[in-house]
file entry-v9.txt (compact mmCIF, C-alpha atoms and all ligand atoms)
# COMPACT_ATOMS: atom_id res chain seq x y z
CA MET N 1 -32.54 14.51 -56.24
CA GLY N 2 -29.13 14.78 -57.94
CA LYS N 3 -27.45 15.61 -54.65
CA ARG N 4 -28.97 12.68 -52.81
CA ILE N 5 -27.41 9.96 -54.92
CA PRO N 6 -23.83 10.26 -53.56
CA ILE N 7 -25.14 10.14 -49.98
CA VAL N 8 -27.11 6.97 -50.66
CA GLU N 9 -24.03 5.44 -52.28
CA LYS N 10 -21.93 6.27 -49.23
CA ILE N 11 -24.45 4.67 -46.89
CA LEU N 12 -24.53 1.54 -49.02
CA SER N 13 -20.76 1.21 -49.26
CA ALA N 14 -20.41 1.66 -45.48
CA ASN N 15 -23.06 -1.02 -45.10
CA ASP N 16 -21.22 -3.34 -47.49
CA ARG N 17 -17.99 -2.96 -45.51
CA LEU N 18 -19.79 -3.97 -42.34
CA ALA N 19 -21.47 -6.83 -44.17
CA THR N 20 -18.02 -8.10 -45.15
CA GLN N 21 -17.03 -8.00 -41.47
CA ASN N 22 -20.19 -9.88 -40.49
CA ARG N 23 -19.39 -12.56 -43.07
CA ALA N 24 -15.84 -12.94 -41.78
CA ARG N 25 -17.16 -13.37 -38.26
CA LEU N 26 -19.68 -15.99 -39.36
CA GLU N 27 -17.05 -17.87 -41.36
CA GLN N 28 -14.62 -17.86 -38.47
CA ALA N 29 -17.25 -19.34 -36.17
CA GLY N 30 -18.38 -21.89 -38.79
CA VAL N 31 -21.88 -20.44 -39.09
CA VAL N 32 -23.78 -20.57 -42.39
CA ALA N 33 -26.32 -17.77 -42.66
CA LEU N 34 -29.44 -17.16 -44.75
CA ASN N 35 -31.16 -13.84 -45.37
CA LEU N 36 -34.87 -14.60 -45.71
CA MET N 37 -36.89 -11.93 -47.47
CA ALA N 38 -40.55 -11.69 -48.48
CA SER N 39 -43.59 -9.49 -48.36
CA PRO N 40 -45.61 -9.55 -45.12
CA GLY N 41 -47.64 -12.73 -44.77
CA ALA N 42 -45.74 -14.83 -47.34
CA GLY N 43 -44.77 -17.31 -44.64
CA LYS N 44 -41.24 -16.43 -43.50
CA THR N 45 -41.87 -17.36 -39.89
CA SER N 46 -43.77 -20.52 -40.85
CA LEU N 47 -40.92 -21.67 -43.09
CA ILE N 48 -38.46 -20.92 -40.29
CA GLU N 49 -40.51 -23.02 -37.87
CA HIS N 50 -40.56 -25.94 -40.32
CA THR N 51 -36.83 -25.57 -40.94
CA ILE N 52 -36.05 -25.59 -37.22
CA ARG N 53 -38.17 -28.70 -36.66
CA GLY N 54 -37.01 -30.40 -39.86
CA LEU N 55 -33.32 -30.03 -38.99
CA HIS N 56 -33.67 -30.67 -35.27
CA GLY N 57 -30.89 -32.92 -34.03
CA GLU N 58 -28.84 -32.37 -37.21
CA LEU N 59 -27.92 -28.69 -37.12
CA ARG N 60 -27.85 -26.17 -34.31
CA LEU N 61 -30.07 -23.32 -35.41
CA ALA N 62 -30.42 -19.69 -34.46
CA VAL N 63 -32.83 -17.09 -35.78
CA VAL N 64 -32.45 -13.34 -35.96
CA ASP N 65 -35.80 -11.68 -36.39
CA GLY N 66 -36.17 -8.22 -37.81
CA ASP N 67 -39.45 -6.68 -36.93
CA VAL N 68 -40.75 -3.16 -36.93
CA ALA N 69 -42.26 -3.38 -33.47
CA THR N 70 -43.07 -6.78 -31.98
CA SER N 71 -41.28 -9.96 -30.90
CA ILE N 72 -44.05 -12.32 -32.05
CA ASP N 73 -41.89 -13.96 -34.75
CA ALA N 74 -38.83 -14.37 -32.51
CA ASP N 75 -41.08 -15.93 -29.87
CA ARG N 76 -42.35 -18.43 -32.46
CA ALA N 77 -38.79 -19.33 -33.48
CA ALA N 78 -37.82 -19.83 -29.85
CA ALA N 79 -40.91 -21.97 -29.25
CA ALA N 80 -39.91 -24.15 -32.22
CA GLY N 81 -36.56 -24.80 -30.55
CA ALA N 82 -34.02 -22.31 -31.88
CA ARG N 83 -32.05 -19.59 -30.18
CA ALA N 84 -33.73 -16.36 -31.22
CA VAL N 85 -32.67 -12.75 -31.15
CA GLN N 86 -35.11 -9.97 -31.85
CA ILE N 87 -34.11 -6.81 -33.69
CA ASN N 88 -36.71 -4.11 -33.35
CA THR N 89 -35.90 -1.87 -36.28
CA GLY N 90 -37.70 1.09 -34.72
CA GLY N 91 -39.80 1.63 -37.81
CA GLU N 92 -37.11 0.89 -40.41
CA CYS N 93 -38.48 -1.24 -43.22
CA HIS N 94 -35.34 -3.36 -43.72
CA LEU N 95 -32.40 -4.84 -41.83
CA ASP N 96 -28.89 -3.56 -42.43
CA ALA N 97 -25.43 -4.85 -41.59
CA VAL N 98 -25.18 -2.77 -38.39
CA MET N 99 -28.36 -4.33 -37.04
CA LEU N 100 -27.10 -7.82 -37.83
CA GLN N 101 -23.76 -7.01 -36.20
CA GLY N 102 -25.65 -6.12 -33.01
CA ALA N 103 -27.59 -9.37 -33.15
CA LEU N 104 -24.42 -11.44 -33.72
CA ASN N 105 -23.04 -9.92 -30.51
CA GLU N 106 -25.90 -11.56 -28.62
CA LEU N 107 -25.38 -15.07 -30.03
CA PRO N 108 -22.89 -17.80 -29.04
CA LEU N 109 -21.72 -18.18 -32.65
CA GLU N 110 -19.40 -21.10 -31.91
CA GLU N 111 -22.46 -23.12 -30.87
CA ILE N 112 -24.47 -22.43 -34.02
CA ASP N 113 -24.41 -24.19 -37.40
CA LEU N 114 -27.15 -22.37 -39.27
CA LEU N 115 -28.36 -18.82 -38.74
CA ILE N 116 -31.58 -17.72 -40.38
CA VAL N 117 -32.15 -13.99 -40.58
CA GLU N 118 -35.81 -13.07 -41.01
CA ASN N 119 -35.76 -9.71 -42.73
CA VAL N 120 -38.57 -7.16 -42.43
CA GLY N 121 -41.54 -7.98 -44.66
CA ASN N 122 -40.91 -5.77 -47.69
CA LEU N 123 -40.04 -6.46 -51.33
CA ILE N 124 -38.09 -3.27 -52.00
CA CYS N 125 -35.25 -2.02 -49.81
CA PRO N 126 -34.13 -5.27 -48.09
CA ALA N 127 -32.70 -6.18 -51.52
CA SER N 128 -30.33 -3.19 -51.35
CA PHE N 129 -28.70 -3.94 -48.01
CA GLN N 130 -26.11 -6.71 -47.85
CA LEU N 131 -25.98 -8.28 -44.39
CA GLY N 132 -23.03 -10.63 -44.75
CA THR N 133 -25.15 -13.78 -45.00
CA HIS N 134 -24.14 -16.59 -47.38
CA LYS N 135 -27.36 -16.77 -49.38
CA SER N 136 -30.39 -14.57 -49.92
CA VAL N 137 -33.68 -16.42 -50.14
CA LEU N 138 -36.98 -14.95 -51.29
CA ILE N 139 -40.34 -16.40 -50.33
CA ALA N 140 -43.16 -15.67 -52.71
CA SER N 141 -46.64 -16.97 -51.98
CA VAL N 142 -49.50 -17.92 -54.25
CA PRO N 143 -52.12 -15.48 -52.85
CA GLU N 144 -49.79 -12.53 -53.54
CA GLY N 145 -50.33 -13.05 -57.26
CA ASP N 146 -48.26 -14.17 -60.23
CA ASP N 147 -47.12 -10.67 -61.22
CA LYS N 148 -44.65 -10.06 -58.39
CA PRO N 149 -41.45 -10.74 -60.40
CA TYR N 150 -42.59 -8.13 -62.90
CA LYS N 151 -43.34 -5.58 -60.17
CA TYR N 152 -40.30 -6.14 -57.95
CA PRO N 153 -37.45 -7.00 -60.33
CA GLY N 154 -34.73 -5.80 -57.93
CA MET N 155 -35.72 -8.33 -55.33
CA TYR N 156 -36.05 -11.23 -57.77
CA ARG N 157 -32.71 -10.42 -59.39
CA GLY N 158 -30.74 -10.40 -56.15
CA VAL N 159 -31.61 -13.74 -54.55
CA GLU N 160 -30.00 -17.18 -54.75
CA ALA N 161 -33.07 -19.27 -54.01
CA LEU N 162 -36.81 -18.83 -54.32
CA VAL N 163 -39.50 -20.50 -52.25
CA ILE N 164 -43.05 -20.45 -53.64
CA ASN N 165 -45.19 -20.98 -50.57
CA LYS N 166 -48.89 -21.85 -50.19
CA ILE N 167 -49.07 -24.04 -53.32
CA ASP N 168 -52.01 -25.80 -51.63
CA LEU N 169 -54.01 -22.69 -52.57
CA LEU N 170 -53.32 -23.02 -56.33
CA PRO N 171 -56.74 -24.59 -57.08
CA TYR N 172 -58.53 -21.67 -55.41
CA VAL N 173 -56.78 -18.56 -56.70
CA SER N 174 -55.84 -17.34 -60.15
CA PHE N 175 -52.10 -17.80 -60.15
CA ASP N 176 -50.51 -18.68 -63.48
CA MET N 177 -47.38 -20.59 -62.48
CA ASP N 178 -45.93 -20.47 -66.01
CA TYR N 179 -46.35 -16.70 -66.21
CA PHE N 180 -44.78 -16.31 -62.77
CA ARG N 181 -41.82 -18.56 -63.62
CA ARG N 182 -41.23 -16.85 -66.96
CA GLY N 183 -40.90 -13.55 -65.10
CA VAL N 184 -38.44 -15.08 -62.66
CA GLU N 185 -36.40 -16.72 -65.44
CA VAL N 186 -35.88 -13.42 -67.27
CA LEU N 187 -34.59 -11.72 -64.11
CA ASN N 188 -32.67 -14.59 -62.56
CA PRO N 189 -32.01 -17.42 -65.04
CA GLY N 190 -31.81 -20.87 -63.51
CA LEU N 191 -32.78 -19.68 -60.02
CA VAL N 192 -33.25 -22.67 -57.74
CA THR N 193 -36.94 -22.77 -56.80
CA PHE N 194 -38.89 -24.66 -54.14
CA PRO N 195 -42.67 -24.79 -54.60
CA LEU N 196 -44.04 -25.89 -51.23
CA SER N 197 -46.77 -25.56 -48.66
CA CYS N 198 -45.96 -24.85 -45.04
CA ARG N 199 -49.55 -25.82 -44.26
CA THR N 200 -49.57 -29.32 -45.81
CA GLY N 201 -45.82 -29.98 -45.72
CA GLU N 202 -45.67 -30.72 -49.47
CA GLY N 203 -42.30 -29.80 -50.96
CA LEU N 204 -40.60 -29.10 -47.65
CA GLN N 205 -38.12 -31.99 -47.97
CA ALA N 206 -36.53 -30.48 -51.07
CA TRP N 207 -36.04 -27.19 -49.25
CA LEU N 208 -34.51 -28.93 -46.22
CA ALA N 209 -32.19 -30.90 -48.49
CA TRP N 210 -30.98 -27.66 -50.11
CA VAL N 211 -30.27 -26.15 -46.68
CA ARG N 212 -28.39 -29.28 -45.57
CA ASP N 213 -26.31 -29.28 -48.77
CA LEU N 214 -25.55 -25.59 -48.41
CA VAL N 215 -24.23 -26.01 -44.88
CA ALA N 216 -22.18 -29.07 -45.90
CA GLY N 217 -20.81 -27.23 -48.95
CA VAL N 218 -19.71 -24.14 -47.03
CA ARG N 219 -18.04 -26.36 -44.45
CA ALA N 220 -16.26 -28.46 -47.04
CA LYS N 221 -14.91 -25.28 -48.65
CA ARG N 222 -13.74 -23.97 -45.28
CA ASP N 223 -12.04 -27.22 -44.33
CA ALA N 224 -10.42 -27.70 -47.74
MG MG J 301 -42.71 -13.29 -39.75
ZN ZN J 302 -36.32 -0.10 -45.89

call {"tool": "encode", "arguments": {"input": "entry-v9.txt", "output": "structure tokens", "more": "lines below"}}
Ligand code: MG
Ligand code: ZN
result
Amino acid sequence: MGKRIPIVEKILSANDRLATQNRARLEQAGVVALNLMASPGAGKTSLIEHTIRGLHGELRLAVVDGDVATSIDADRAAAAGARAVQINTGGECHLDAVMLQGALNELPLEEIDLLIVENVGNLICPASFQLGTHKSVLIASVPEGDDKPYKYPGMYRGVEALVINKIDLLPYVSFDMDYFRRGVEVLNPGLVTFPLSCRTGEGLQAWLAWVRDLVAGVRAKRDA
């Protein structure tokens, strides 16, 4: 094990260098990018669909979809009205900066305002690989249980926004919101959080407002 650590560190630092290049490319083209992470089934693709529809006519959206094998999610993003690029990871359980670089090559970046990267459904290693996006967003969902911050601290520590999806199910499952939020607060104090339901639409406006403000803020900084 002792000998493996330096190799892992080398891989990560090479990844971080490429992530920095990806960010520079995005900045130059005026694209704001989100890295969306979650466990499988938390609602990444559903939130992306709502975001595409909710911002239609305001922002030009593109989606990069990381998937182990299929293009189902990219097809859904395209159907909702965004440009979509599929990355088949070939079994890898996370996206890395090289994969995003390849996807950026396939997009007309000058024609895009907001890029949403749907990472592979996994609460462990996606947290370790910087992509070059502006913000990392985690989607938790009520049926997954209220203990996830305690079980996956690395993921909860590393994100800049948290969506709690499927709040319409709160009356039917045992999910202690206070316990969940206490766990989050210890790991990531003051983390901006959006409880919402992609099924009923409750809470979606606050999420969309955050995305709008983020894009406006990055642009204002660039133009300053
Ligand atoms: Mg999906
Ligand atoms: Zn992985």

call {"tool": "residues_near_ligand", "arguments": {"input": "entry-v9.txt", "ligand": "ligand MG 301 (chain J)", "cutoff": "9 Å", "atoms": "all atoms listed in the file", "output": "list in words"}}
result
Pro40, Gly41, Ala42, Gly43, Lys44, Thr45, Ser46, Ile48, Asp65, Gly66, Asp67, Ile72, Asp73, Ala74, Arg76, Glu118, Asn119, Val120 and Gly121 of chain N

call {"tool": "write_last_selection", "arguments": {"input": "entry-v9.txt", "atoms": "C-alpha atoms", "output": "PDB file, keeping the file's coordinate frame"}}
result
ATOM      1  CA  PRO N  40     -45.610  -9.550 -45.120  1.00  0.00           C
ATOM      2  CA  GLY N  41     -47.640 -12.730 -44.770  1.00  0.00           C
ATOM      3  CA  ALA N  42     -45.740 -14.830 -47.340  1.00  0.00           C
ATOM      4  CA  GLY N  43     -44.770 -17.310 -44.640  1.00  0.00           C
ATOM      5  CA  LYS N  44     -41.240 -16.430 -43.500  1.00  0.00           C
ATOM      6  CA  THR N  45     -41.870 -17.360 -39.890  1.00  0.00           C
ATOM      7  CA  SER N  46     -43.770 -20.520 -40.850  1.00  0.00           C
ATOM      8  CA  ILE N  48     -38.460 -20.920 -40.290  1.00  0.00           C
ATOM      9  CA  ASP N  65     -35.800 -11.680 -36.390  1.00  0.00           C
ATOM     10  CA  GLY N  66     -36.170  -8.220 -37.810  1.00  0.00           C
ATOM     11  CA  ASP N  67     -39.450  -6.680 -36.930  1.00  0.00           C
ATOM     12  CA  ILE N  72     -44.050 -12.320 -32.050  1.00  0.00           C
ATOM     13  CA  ASP N  73     -41.890 -13.960 -34.750  1.00  0.00           C
ATOM     14  CA  ALA N  74     -38.830 -14.370 -32.510  1.00  0.00           C
ATOM     15  CA  ARG N  76     -42.350 -18.430 -32.460  1.00  0.00           C
ATOM     16  CA  GLU N 118     -35.810 -13.070 -41.010  1.00  0.00           C
ATOM     17  CA  ASN N 119     -35.760  -9.710 -42.730  1.00  0.00           C
ATOM     18  CA  VAL N 120     -38.570  -7.160 -42.430  1.00  0.00           C
ATOM     19  CA  GLY N 121     -41.540  -7.980 -44.660  1.00  0.00           C
TER      20      GLY N 121
END

call {"tool": "residues_near_ligand", "arguments": {"input": "entry-v9.txt", "ligand": "ligand ZN 302 (chain J)", "cutoff": "12 Å", "atoms": "all atoms listed in the file", "output": "VMD selection string"}}
result
chain N and resid 37 66 to 68 89 to 96 119 to 129

call {"tool": "residues_around", "arguments": {"input": "entry-v9.txt", "residues": "Tyr179 in chain N", "least_positions_apart": "3", "cutoff": "10 Å", "atoms": "all atoms listed in the file", "output": "PyMOL selection string"}}
result
chain N and resi 146-147+149-150+175-176+182-185

call {"tool": "residues_around", "arguments": {"input": "entry-v9.txt", "residues": "Val137 in chain N", "least_positions_apart": "6", "cutoff": "8 Å", "atoms": "all atoms listed in the file", "output": "list in words"}}
result
Leu34, Asn35, Leu36, Met37, Val159, Glu160, Ala161, Leu162 and Val163 of chain N

call {"tool": "atom_distance", "arguments": {"input": "entry-v9.txt", "atom1": "CA of Gly57 in chain N", "atom2": "CA of Asp113 in chain N"}}
result
11.4 Å

call {"tool": "decode", "arguments": {"input": "entry-v9.txt", "residues": "range 42-54 of chain N", "atoms": "all heavy atoms", "output": "compact mmCIF listing (two decimals), in the first residue's frame"}}
result
# COMPACT_ATOMS: atom_id res chain seq x y z
N ALA N 42 -30.58 9.45 -7.63
CA ALA N 42 -30.92 10.61 -6.79
C ALA N 42 -31.68 11.67 -7.58
O ALA N 42 -32.37 12.51 -6.98
CB ALA N 42 -29.65 11.22 -6.21
N GLY N 43 -31.55 11.63 -8.90
CA GLY N 43 -32.31 12.58 -9.72
C GLY N 43 -31.46 13.58 -10.48
O GLY N 43 -31.92 14.67 -10.80
N LYS N 44 -30.23 13.22 -10.80
CA LYS N 44 -29.36 14.12 -11.57
C LYS N 44 -29.99 14.49 -12.91
O LYS N 44 -30.09 15.66 -13.26
CB LYS N 44 -27.98 13.48 -11.83
CG LYS N 44 -27.14 13.26 -10.58
CD LYS N 44 -25.73 12.79 -10.91
CE LYS N 44 -25.69 11.43 -11.62
NZ LYS N 44 -26.28 10.35 -10.84
N THR N 45 -30.40 13.48 -13.65
CA THR N 45 -30.93 13.73 -14.98
C THR N 45 -32.26 14.49 -14.90
O THR N 45 -32.51 15.39 -15.70
CB THR N 45 -31.09 12.40 -15.75
OG1 THR N 45 -29.86 11.68 -15.67
CG2 THR N 45 -31.42 12.66 -17.21
N SER N 46 -33.07 14.17 -13.91
CA SER N 46 -34.35 14.89 -13.74
C SER N 46 -34.10 16.36 -13.42
O SER N 46 -34.77 17.24 -13.96
CB SER N 46 -35.18 14.26 -12.62
OG SER N 46 -35.56 12.96 -12.97
N LEU N 47 -33.13 16.63 -12.54
CA LEU N 47 -32.83 18.03 -12.21
C LEU N 47 -32.29 18.76 -13.45
O LEU N 47 -32.63 19.92 -13.69
CB LEU N 47 -31.82 18.12 -11.07
CG LEU N 47 -31.54 19.55 -10.60
CD1 LEU N 47 -32.77 20.17 -9.93
CD2 LEU N 47 -30.34 19.61 -9.66
N ILE N 48 -31.48 18.05 -14.22
CA ILE N 48 -30.95 18.66 -15.45
C ILE N 48 -32.09 19.00 -16.41
O ILE N 48 -32.13 20.10 -16.97
CB ILE N 48 -29.91 17.72 -16.11
CG1 ILE N 48 -28.63 17.71 -15.28
CG2 ILE N 48 -29.62 18.14 -17.55
CD1 ILE N 48 -27.62 16.64 -15.67
N GLU N 49 -33.03 18.09 -16.56
CA GLU N 49 -34.18 18.36 -17.44
C GLU N 49 -34.95 19.60 -16.97
O GLU N 49 -35.30 20.47 -17.78
CB GLU N 49 -35.13 17.16 -17.48
CG GLU N 49 -34.58 15.97 -18.24
CD GLU N 49 -35.46 14.74 -18.10
OE1 GLU N 49 -35.97 14.46 -16.98
OE2 GLU N 49 -35.65 14.04 -19.10
N HIS N 50 -35.20 19.69 -15.67
CA HIS N 50 -35.92 20.85 -15.14
C HIS N 50 -35.12 22.13 -15.33
O HIS N 50 -35.70 23.20 -15.55
CB HIS N 50 -36.22 20.65 -13.65
CG HIS N 50 -37.41 19.78 -13.40
ND1 HIS N 50 -38.70 20.20 -13.62
CD2 HIS N 50 -37.51 18.51 -12.96
CE1 HIS N 50 -39.54 19.22 -13.32
NE2 HIS N 50 -38.84 18.18 -12.92
N THR N 51 -33.80 22.02 -15.19
CA THR N 51 -32.95 23.21 -15.33
C THR N 51 -32.95 23.69 -16.78
O THR N 51 -33.04 24.89 -17.05
CB THR N 51 -31.52 22.89 -14.85
OG1 THR N 51 -31.59 22.33 -13.52
CG2 THR N 51 -30.65 24.14 -14.82
N ILE N 52 -32.87 22.75 -17.70
CA ILE N 52 -32.91 23.10 -19.13
C ILE N 52 -34.22 23.81 -19.45
O ILE N 52 -34.24 24.88 -20.06
CB ILE N 52 -32.78 21.83 -20.01
CG1 ILE N 52 -31.39 21.20 -19.85
CG2 ILE N 52 -33.04 22.16 -21.48
CD1 ILE N 52 -31.29 19.78 -20.41
N ARG N 53 -35.33 23.22 -18.99
CA ARG N 53 -36.64 23.80 -19.32
C ARG N 53 -36.85 25.11 -18.59
O ARG N 53 -37.39 26.06 -19.14
CB ARG N 53 -37.75 22.80 -18.96
CG ARG N 53 -37.65 21.53 -19.81
CD ARG N 53 -38.99 20.78 -19.93
NE ARG N 53 -38.86 19.72 -20.92
CZ ARG N 53 -38.65 18.43 -20.60
NH1 ARG N 53 -38.56 18.05 -19.34
NH2 ARG N 53 -38.54 17.53 -21.56
N GLY N 54 -36.37 25.17 -17.34
CA GLY N 54 -36.58 26.37 -16.51
C GLY N 54 -35.80 27.57 -17.01
O GLY N 54 -36.19 28.71 -16.74
